[in-house]
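Enquirer: Sharing my_file_31.cif here; it has mmCIF, C-alpha atoms.
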data_input
loop_
_atom_site.label_atom_id
_atom_site.label_comp_id
_atom_site.auth_asym_id
_atom_site.auth_seq_id
_atom_site.Cartn_x
_atom_site.Cartn_y
_atom_site.Cartn_z
CA MET Q 1 0.54 -48.32 -23.86
CA THR Q 2 3.95 -48.90 -25.40
CA ASP Q 3 3.53 -45.91 -27.73
CA ALA Q 4 2.73 -43.39 -24.97
CA LYS Q 5 6.30 -42.48 -24.07
CA PRO Q 6 7.55 -42.07 -27.66
CA ALA Q 7 4.51 -39.92 -28.41
CA ALA Q 8 5.28 -37.76 -25.37
CA ARG Q 9 8.89 -37.39 -26.50
CA ASP Q 10 7.75 -36.37 -29.99
CA SER Q 11 5.42 -33.78 -28.47
CA ASN Q 12 8.25 -32.36 -26.34
CA SER Q 13 10.53 -32.20 -29.39
CA GLN Q 14 7.94 -30.27 -31.38
CA LYS Q 15 7.49 -27.79 -28.53
CA ALA Q 16 11.25 -27.34 -28.26
CA ASP Q 17 11.60 -26.86 -32.02
CA ARG Q 18 8.94 -24.16 -31.94
CA HIS Q 19 11.27 -22.00 -29.85
CA LYS Q 20 14.38 -22.65 -31.93
CA PRO Q 21 14.18 -19.53 -34.18
CA LEU Q 22 13.95 -17.28 -31.11
CA ARG Q 23 16.91 -18.68 -29.21
CA PRO Q 24 19.73 -16.86 -31.09
CA TYR Q 25 18.03 -13.50 -30.49
CA LEU Q 26 17.51 -14.17 -26.80
CA MET Q 27 21.11 -15.33 -26.49
CA GLY Q 28 22.15 -11.98 -27.97
CA LEU Q 29 19.97 -10.14 -25.46
CA THR Q 30 21.61 -12.17 -22.69
CA ILE Q 31 25.00 -10.85 -23.83
CA VAL Q 32 23.58 -7.31 -23.69
CA THR Q 33 22.45 -7.98 -20.13
CA GLY Q 34 25.98 -8.98 -19.12
CA ILE Q 35 27.45 -5.82 -20.66
CA VAL Q 36 24.86 -3.51 -19.11
CA ASP Q 37 25.17 -5.03 -15.64
CA ALA Q 38 28.95 -4.65 -15.91
CA VAL Q 39 28.39 -0.95 -16.61
CA SER Q 40 26.02 -0.47 -13.70
CA TYR Q 41 28.04 -2.44 -11.16
CA LEU Q 42 31.51 -1.23 -12.06
CA LEU Q 43 30.74 2.43 -12.85
CA LEU Q 44 27.39 3.40 -11.33
CA GLY Q 45 27.99 2.53 -7.72
CA HIS Q 46 27.65 -1.19 -7.15
CA VAL Q 47 24.09 -1.47 -8.38
CA PHE Q 48 22.51 -3.92 -10.81
CA VAL Q 49 20.06 -2.74 -13.46
CA ALA Q 50 19.16 -6.20 -14.80
CA ASN Q 51 19.73 -8.68 -11.98
CA MET Q 52 17.00 -7.61 -9.58
CA THR Q 53 17.73 -10.46 -7.17
CA GLY Q 54 21.20 -9.06 -6.61
CA ASN Q 55 19.84 -5.54 -6.50
CA ILE Q 56 17.32 -6.34 -3.76
CA VAL Q 57 20.10 -8.06 -1.79
CA PHE Q 58 22.28 -4.95 -2.21
CA LEU Q 59 19.38 -2.82 -0.99
CA GLY Q 60 19.19 -4.96 2.15
CA PHE Q 61 22.95 -4.61 2.63
CA ALA Q 62 22.78 -0.84 2.10
CA ILE Q 63 20.19 -0.40 4.83
CA THR Q 64 22.32 -2.09 7.49
CA ALA Q 65 25.89 -1.77 6.13
CA PRO Q 66 25.94 1.15 3.66
CA GLN Q 67 29.67 1.11 2.84
CA ASN Q 68 30.08 1.46 -0.96
CA LEU Q 69 26.35 0.85 -1.46
CA SER Q 70 23.53 3.30 -2.13
CA ILE Q 71 19.92 2.94 -1.05
CA PRO Q 72 18.69 5.61 -3.53
CA ALA Q 73 20.57 3.99 -6.43
CA SER Q 74 19.18 0.53 -5.67
CA LEU Q 75 15.67 1.93 -5.27
CA ALA Q 76 15.98 3.90 -8.53
CA ALA Q 77 17.10 0.78 -10.38
CA THR Q 78 14.27 -1.31 -8.93
CA VAL Q 79 11.54 1.23 -9.68
CA ALA Q 80 12.85 1.85 -13.21
CA PHE Q 81 13.04 -1.90 -13.85
CA LEU Q 82 9.40 -2.24 -12.76
CA ALA Q 83 8.44 0.64 -15.06
CA GLY Q 84 10.20 -1.05 -17.95
CA ALA Q 85 8.51 -4.35 -17.14
CA PHE Q 86 5.16 -2.58 -17.10
CA LEU Q 87 5.88 -1.14 -20.55
CA GLY Q 88 6.95 -4.57 -21.73
CA GLY Q 89 3.71 -5.99 -20.39
CA ARG Q 90 1.70 -3.43 -22.35
CA LEU Q 91 3.61 -4.29 -25.51
CA ALA Q 92 3.03 -7.98 -24.88
CA THR Q 93 -0.72 -7.37 -24.54
CA ARG Q 94 -0.80 -5.60 -27.90
CA LEU Q 95 1.72 -7.66 -29.86
CA GLY Q 96 2.02 -10.95 -28.00
CA ARG Q 97 0.01 -12.91 -30.54
CA HIS Q 98 2.90 -12.54 -32.99
CA ARG Q 99 6.17 -13.30 -31.23
CA ALA Q 100 8.44 -11.86 -33.92
CA ARG Q 101 6.61 -8.51 -33.82
CA LEU Q 102 6.72 -8.38 -30.04
CA LEU Q 103 10.44 -9.10 -30.02
CA THR Q 104 11.14 -6.56 -32.77
CA VAL Q 105 9.28 -3.70 -31.09
CA ALA Q 106 10.73 -4.54 -27.68
CA ILE Q 107 14.26 -4.50 -29.10
CA TYR Q 108 13.76 -1.15 -30.84
CA VAL Q 109 12.36 0.47 -27.70
CA GLU Q 110 15.33 -0.96 -25.82
CA VAL Q 111 17.65 0.51 -28.45
CA MET Q 112 16.21 3.97 -27.77
CA LEU Q 113 16.68 3.63 -24.02
CA VAL Q 114 20.26 2.32 -24.17
CA ALA Q 115 21.16 4.80 -26.93
CA ALA Q 116 19.84 7.63 -24.74
CA ALA Q 117 22.11 6.43 -21.95
CA MET Q 118 25.02 6.37 -24.40
CA VAL Q 119 24.31 9.94 -25.57
CA ILE Q 120 24.26 11.14 -21.97
CA SER Q 121 27.58 9.43 -21.32
CA ILE Q 122 29.07 11.15 -24.39
CA PHE Q 123 27.98 14.70 -23.62
CA VAL Q 124 28.25 14.74 -19.84
CA SER Q 125 31.76 15.41 -18.57
CA ASP Q 126 31.35 13.04 -15.62
CA PRO Q 127 28.62 10.44 -16.25
CA THR Q 128 29.18 8.99 -12.79
CA ALA Q 129 28.22 12.29 -11.12
CA SER Q 130 24.97 12.31 -9.19
CA VAL Q 131 22.37 13.46 -11.75
CA ALA Q 132 23.92 11.75 -14.77
CA ARG Q 133 24.46 8.57 -12.76
CA TYR Q 134 20.79 8.33 -11.85
CA LEU Q 135 19.71 9.05 -15.39
CA LEU Q 136 21.89 6.20 -16.62
CA ILE Q 137 20.59 3.86 -13.93
CA VAL Q 138 16.96 4.67 -14.75
CA LEU Q 139 17.37 4.33 -18.53
CA LEU Q 140 19.30 1.07 -18.35
CA ALA Q 141 17.08 -0.50 -15.70
CA CYS Q 142 13.99 0.45 -17.68
CA ALA Q 143 15.51 -1.20 -20.77
CA MET Q 144 16.25 -4.37 -18.83
CA GLY Q 145 12.77 -4.50 -17.31
CA LEU Q 146 11.25 -4.19 -20.78
CA GLN Q 147 13.55 -6.90 -22.11
CA ASN Q 148 12.68 -9.25 -19.25
CA ALA Q 149 8.94 -8.75 -19.69
CA ALA Q 150 9.15 -9.41 -23.43
CA ALA Q 151 11.24 -12.55 -22.88
CA ARG Q 152 8.74 -13.74 -20.29
CA ARG Q 153 5.88 -13.39 -22.76
CA LEU Q 154 7.86 -15.16 -25.49
CA GLY Q 155 8.10 -18.08 -23.10
CA VAL Q 156 11.29 -19.72 -24.36
CA PRO Q 157 12.40 -22.16 -21.63
CA ASP Q 158 15.59 -21.20 -19.76
CA LEU Q 159 16.04 -17.94 -21.69
CA THR Q 160 14.78 -15.11 -19.52
CA THR Q 161 17.85 -13.07 -20.70
CA THR Q 162 18.42 -11.49 -17.26
CA VAL Q 163 18.19 -14.23 -14.60
CA LEU Q 164 20.28 -17.39 -14.32
CA THR Q 165 19.28 -18.83 -10.96
CA LEU Q 166 16.64 -21.22 -12.32
CA THR Q 167 18.75 -21.89 -15.40
CA LEU Q 168 21.70 -23.02 -13.29
CA THR Q 169 19.40 -25.01 -11.01
CA GLY Q 170 17.98 -26.84 -14.01
CA LEU Q 171 21.44 -27.39 -15.45
CA ALA Q 172 22.43 -29.36 -12.35
CA ALA Q 173 19.12 -30.81 -11.15
CA ASP Q 174 18.00 -32.10 -14.56
CA ALA Q 175 21.35 -33.60 -15.52
CA SER Q 176 21.34 -37.31 -16.26
CA LEU Q 177 23.79 -37.90 -13.40
CA ALA Q 178 21.20 -36.45 -11.02
CA GLY Q 179 18.55 -38.76 -12.43
CA GLY Q 180 16.97 -36.07 -14.61
CA ALA Q 181 15.85 -36.28 -18.23
CA GLY Q 182 18.62 -34.00 -19.45
CA PHE Q 183 16.32 -31.64 -21.37
CA HIS Q 184 17.61 -28.23 -22.47
CA LEU Q 185 21.07 -28.74 -20.99
CA ARG Q 186 22.79 -27.22 -24.03
CA VAL Q 187 20.49 -24.21 -23.99
CA ARG Q 188 21.04 -23.68 -20.27
CA LEU Q 189 24.78 -23.95 -20.61
CA ALA Q 190 24.77 -21.61 -23.60
CA ALA Q 191 22.67 -19.02 -21.73
CA THR Q 192 25.10 -19.15 -18.81
CA LEU Q 193 28.09 -18.73 -21.10
CA MET Q 194 26.45 -15.80 -22.93
CA MET Q 195 25.90 -13.95 -19.65
CA PHE Q 196 29.48 -14.70 -18.62
CA PHE Q 197 30.74 -13.55 -22.02
CA GLY Q 198 28.71 -10.34 -21.93
CA ALA Q 199 29.91 -9.44 -18.44
CA GLY Q 200 33.51 -10.13 -19.43
CA VAL Q 201 33.24 -8.06 -22.61
CA GLY Q 202 31.57 -5.25 -20.69
CA ALA Q 203 34.30 -5.19 -18.06
CA LEU Q 204 37.00 -5.28 -20.75
CA LEU Q 205 35.46 -2.43 -22.73
CA ILE Q 206 35.01 -0.33 -19.60
CA THR Q 207 38.58 -0.93 -18.46
CA ARG Q 208 40.23 -0.26 -21.82
CA TYR Q 209 37.91 2.15 -23.60
CA GLY Q 210 35.41 3.50 -21.10
CA LEU Q 211 31.67 3.69 -20.53
CA VAL Q 212 30.73 4.91 -24.01
CA ALA Q 213 32.37 1.91 -25.68
CA ALA Q 214 30.45 -0.56 -23.51
CA LEU Q 215 27.12 1.14 -24.19
CA ALA Q 216 27.93 1.45 -27.90
CA ALA Q 217 28.56 -2.30 -28.05
CA SER Q 218 25.17 -2.91 -26.43
CA VAL Q 219 23.43 -0.60 -28.89
CA ALA Q 220 25.18 -2.28 -31.83
CA LEU Q 221 24.06 -5.74 -30.70
CA LEU Q 222 20.50 -4.53 -30.21
CA VAL Q 223 20.37 -2.81 -33.61
CA LEU Q 224 21.64 -5.94 -35.35
CA SER Q 225 19.06 -8.06 -33.54
CA GLY Q 226 16.25 -5.63 -34.33
CA ALA Q 227 17.20 -5.44 -38.00
CA SER Q 228 17.14 -9.22 -38.19
CA THR Q 229 13.83 -9.75 -36.36
CA SER Q 230 12.11 -6.98 -38.34
CA ARG Q 231 12.44 -9.13 -41.46
CA LEU Q 232 10.12 -11.60 -39.75
CA TRP Q 233 7.39 -9.01 -39.16
CA SER Q 234 5.00 -10.59 -41.68
CA SER Q 235 6.04 -14.18 -41.08
CA VAL Q 236 3.20 -16.67 -40.70
CA GLU Q 237 5.37 -19.56 -39.56
CA GLU Q 238 4.01 -21.60 -36.69
CA TRP Q 239 6.66 -20.48 -34.20
CA THR Q 240 5.60 -16.84 -34.48
CA VAL Q 241 2.16 -17.53 -33.00
CA GLY Q 242 1.97 -16.39 -29.38
CA ALA Q 243 -0.61 -16.84 -26.68
#
Could you express the structure from this file as structure tokens?
Expert:
Amino acid sequence: MTDAKPAARDSNSQKADRHKPLRPYLMGLTIVTGIVDAVSYLLLGHVFVANMTGNIVFLGFAITAPQNLSIPASLAATVAFLAGAFLGGRLATRLGRHRARLLTVAIYVEVMLVAAAMVISIFVSDPTASVARYLLIVLLACAMGLQNAAARRLGVPDLTTTVLTLTLTGLAADASLAGGAGFHLRVRLAATLMMFFGAGVGALLITRYGLVAALAASVALLVLSGASTSRLWSSVEEWTVGA
């Protein structure tokens, strides 16, 4: 009886350690989320392409109080996000048994989508004009839906890469002062800071250098992450095994 709790703690530690190699990559994707949502909100008409909770709320606002909000833009972002999540689900079905391969392929597909948005922003004189704006919204929302679906299949606690509501809830509710066990507090805090950092960097790049710079930064982060995870393609380490 006296050994039950230590054994449970050891089991929890092993589970946590199994996710450790994935955390830096998902933190990087969280930064990308912050940058991309800064682009969509600040330049594409007050719409989110990653934070679907906020986007659905904006859609509700737009129906009853449409000032500075767009029903078509919010709908386009939501539908494109769902399409990306569907694609991510298909990738997870095919590659989910090897987490490094799933993450690598998901990142490279995301690179193509964000890079396509960057190319459009380079060659279109006004990327915030109607057609170009919707193309950017669709490409970026699709990329974020794919990213979210892949992160969901990877199953790393508190690292969905696009949503912080449950992360922040756990940060407060599971704190030792609240009577909680204090698990994953550092990870939750780090995820929150990465989103904050990404949004701040995105806003800074947009303000000083423009849309292309913000998207280029996102592409660069994704390429670096993909190049790193691709080296793990043939890894047989225990953490790579998925469900």
Enquirer: Could you list the residues chosen by the PyMOL selection byres ((chain Q and resi 120-133) around 12) in this structure as a ChimeraX atom specification?
Expert: /Q:39-47,70,72-74,76-77,113-119,134-140,210-216
Enquirer: Report as JSON lines the residues of segment 18-64 of chain Q within 12 Å of segment 101-107 of chain Q, each with its shortest atom pair and distance in Å (one decimal), using all atoms listed in the file, ordered by chain and increasing residue number.
Expert:
{"residue": "Q:Pro21", "atom": "CA", "partner": "Q:Leu103", "partner_atom": "CA", "distance": 11.8}
{"residue": "Q:Leu22", "atom": "CA", "partner": "Q:Leu103", "partner_atom": "CA", "distance": 9.0}
{"residue": "Q:Arg23", "atom": "CA", "partner": "Q:Leu103", "partner_atom": "CA", "distance": 11.6}
{"residue": "Q:Tyr25", "atom": "CA", "partner": "Q:Leu103", "partner_atom": "CA", "distance": 8.8}
{"residue": "Q:Leu26", "atom": "CA", "partner": "Q:Leu103", "partner_atom": "CA", "distance": 9.3}
{"residue": "Q:Gly28", "atom": "CA", "partner": "Q:Ile107", "partner_atom": "CA", "distance": 10.9}
{"residue": "Q:Leu29", "atom": "CA", "partner": "Q:Ile107", "partner_atom": "CA", "distance": 8.8}
{"residue": "Q:Val32", "atom": "CA", "partner": "Q:Ile107", "partner_atom": "CA", "distance": 11.1}
Enquirer: Save the residues we just selected, C-alpha atoms, as a short mmCIF file (atom, residue, chain, number, x, y, z; two decimals), in the coordinates of the input?
Expert:
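Resulting contents of again_4.cif:
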data_model
loop_
_atom_site.label_atom_id
_atom_site.label_comp_id
_atom_site.auth_asym_id
_atom_site.auth_seq_id
_atom_site.Cartn_x
_atom_site.Cartn_y
_atom_site.Cartn_z
CA PRO Q 21 14.18 -19.53 -34.18
CA LEU Q 22 13.95 -17.28 -31.11
CA ARG Q 23 16.91 -18.68 -29.21
CA TYR Q 25 18.03 -13.50 -30.49
CA LEU Q 26 17.51 -14.17 -26.80
CA GLY Q 28 22.15 -11.98 -27.97
CA LEU Q 29 19.97 -10.14 -25.46
CA VAL Q 32 23.58 -7.31 -23.69
#
Enquirer: Could you please determine the separation between atom CA of Phe197 of chain Q and atom CA of Ile31 of chain Q in Å, to one decimal place?
Expert: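 A separation of 6.6 Å between them.
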Enquirer: Evaluate the PyMOL selection byres ((chain Q and resi 50-66) around 8) here and jot the selected residues down as a short mmCIF file (atom, residue, chain, number, x, y, z; two decimals) with C-alpha atoms, in the coordinates of the input.
Expert:
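New file result-v2.cif:
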data_model
loop_
_atom_site.label_atom_id
_atom_site.label_comp_id
_atom_site.auth_asym_id
_atom_site.auth_seq_id
_atom_site.Cartn_x
_atom_site.Cartn_y
_atom_site.Cartn_z
CA THR Q 33 22.45 -7.98 -20.13
CA VAL Q 36 24.86 -3.51 -19.11
CA ASP Q 37 25.17 -5.03 -15.64
CA VAL Q 47 24.09 -1.47 -8.38
CA PHE Q 48 22.51 -3.92 -10.81
CA VAL Q 49 20.06 -2.74 -13.46
CA GLN Q 67 29.67 1.11 2.84
CA ASN Q 68 30.08 1.46 -0.96
CA LEU Q 69 26.35 0.85 -1.46
CA SER Q 70 23.53 3.30 -2.13
CA ILE Q 71 19.92 2.94 -1.05
CA SER Q 74 19.18 0.53 -5.67
CA LEU Q 75 15.67 1.93 -5.27
CA ALA Q 77 17.10 0.78 -10.38
CA THR Q 78 14.27 -1.31 -8.93
CA PHE Q 81 13.04 -1.90 -13.85
CA ALA Q 141 17.08 -0.50 -15.70
CA MET Q 144 16.25 -4.37 -18.83
CA GLY Q 145 12.77 -4.50 -17.31
CA THR Q 162 18.42 -11.49 -17.26
CA VAL Q 163 18.19 -14.23 -14.60
#
Enquirer: Please determine, counting all atoms listed in the file, which residue among Q:Ala149, Q:Leu159, Q:Met195, Q:Leu166 has the shortest atom-to-atom distance to Gly88 of chain Q.
Expert: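 The answer is Q:Ala149, which sits nearest to Gly88 of chain Q.
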Enquirer: Which residues would end up in the selection if the PyMOL selection byres ((chain Q and resi 150) around 9) were applied here, given that I need the answer as an MDAnalysis selection string?
Expert: chainID Q and resid 85 88:89 91:92 96 102:103 106 145:149 151:155 160
Enquirer: Once you have the residues from the selection above, write them out as a PDB file, in the coordinates of the input, restricted to C-alpha atoms.
Expert:
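Okay, this is what ended up in part-v2.pdb:
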ATOM      1  CA  ALA Q  85       8.510  -4.350 -17.140  1.00  0.00           C
ATOM      2  CA  GLY Q  88       6.950  -4.570 -21.730  1.00  0.00           C
ATOM      3  CA  GLY Q  89       3.710  -5.990 -20.390  1.00  0.00           C
ATOM      4  CA  LEU Q  91       3.610  -4.290 -25.510  1.00  0.00           C
ATOM      5  CA  ALA Q  92       3.030  -7.980 -24.880  1.00  0.00           C
ATOM      6  CA  GLY Q  96       2.020 -10.950 -28.000  1.00  0.00           C
ATOM      7  CA  LEU Q 102       6.720  -8.380 -30.040  1.00  0.00           C
ATOM      8  CA  LEU Q 103      10.440  -9.100 -30.020  1.00  0.00           C
ATOM      9  CA  ALA Q 106      10.730  -4.540 -27.680  1.00  0.00           C
ATOM     10  CA  GLY Q 145      12.770  -4.500 -17.310  1.00  0.00           C
ATOM     11  CA  LEU Q 146      11.250  -4.190 -20.780  1.00  0.00           C
ATOM     12  CA  GLN Q 147      13.550  -6.900 -22.110  1.00  0.00           C
ATOM     13  CA  ASN Q 148      12.680  -9.250 -19.250  1.00  0.00           C
ATOM     14  CA  ALA Q 149       8.940  -8.750 -19.690  1.00  0.00           C
ATOM     15  CA  ALA Q 151      11.240 -12.550 -22.880  1.00  0.00           C
ATOM     16  CA  ARG Q 152       8.740 -13.740 -20.290  1.00  0.00           C
ATOM     17  CA  ARG Q 153       5.880 -13.390 -22.760  1.00  0.00           C
ATOM     18  CA  LEU Q 154       7.860 -15.160 -25.490  1.00  0.00           C
ATOM     19  CA  GLY Q 155       8.100 -18.080 -23.100  1.00  0.00           C
ATOM     20  CA  THR Q 160      14.780 -15.110 -19.520  1.00  0.00           C
TER      21      THR Q 160
END
Enquirer: Suppose you want the space between atom CA of Ala100 of chain Q and atom CA of Trp233 of chain Q; what is it in Å?
Expert: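 So the answer is 6.1 Å.
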Enquirer: Between atom CA of Leu164 of chain Q and atom CA of Arg188 of chain Q, what distance in Å does the model show, to one decimal?
Expert: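 Here the two named atoms are 8.7 Å from each other.
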Enquirer: Go through Q:Ala220, Q:Val187, Q:Ala199, Q:Ala38 one by one, measure the shortest atom-to-atom distance of each to His19 of chain Q using only C-alpha atoms, and give the residue with the smallest value.
Expert: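 That would be Q:Val187, the residue with the smallest distance to His19 of chain Q.
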Enquirer: Which is closer to Met112 of chain Q than all the others in Q:Ser230, Q:Thr93, Q:Val236, Q:Cys142, using only C-alpha atoms?
Expert: Q:Cys142
Enquirer: Let me have the centre and edge lengths of the axis-aligned box enclosing all listed atoms of segment 126-133 of chain Q with 4 Å padding on every side, in Å to one decimal, as lines of an AutoDock Vina configuration file.
Expert:
center_x = 26.9
center_y = 11.0
center_z = -12.7
size_x = 17.0
size_y = 12.9
size_z = 15.1
Enquirer: Which residue is closest to Ser235 of chain Q? Choose from Q:His98, Q:Arg18, Q:Arg186, Q:Arg90 and count all atoms listed in the file.
Expert: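 Of Q:His98, Q:Arg18, Q:Arg186, Q:Arg90, the one nearest Ser235 of chain Q, counting all atoms listed in the file, is Q:His98.
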Enquirer: Using all atoms listed in the file, which of the listed residues (Q:Leu171, Q:Arg94, Q:Ala203, Q:Ser218) sits closest to Glu110 of chain Q?
Expert: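 Closest residue, counting all atoms listed in the file: Q:Ser218.
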Enquirer: Compare Q:Gly170, Q:Pro157, Q:Gly202, Q:Gly84 by their minimum atom-to-atom distance to Ile35 of chain Q, counting only C-alpha atoms, and give me the closest one.
Expert: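 Checking each candidate against Ile35 of chain Q, we get Q:Gly202 as the closest.
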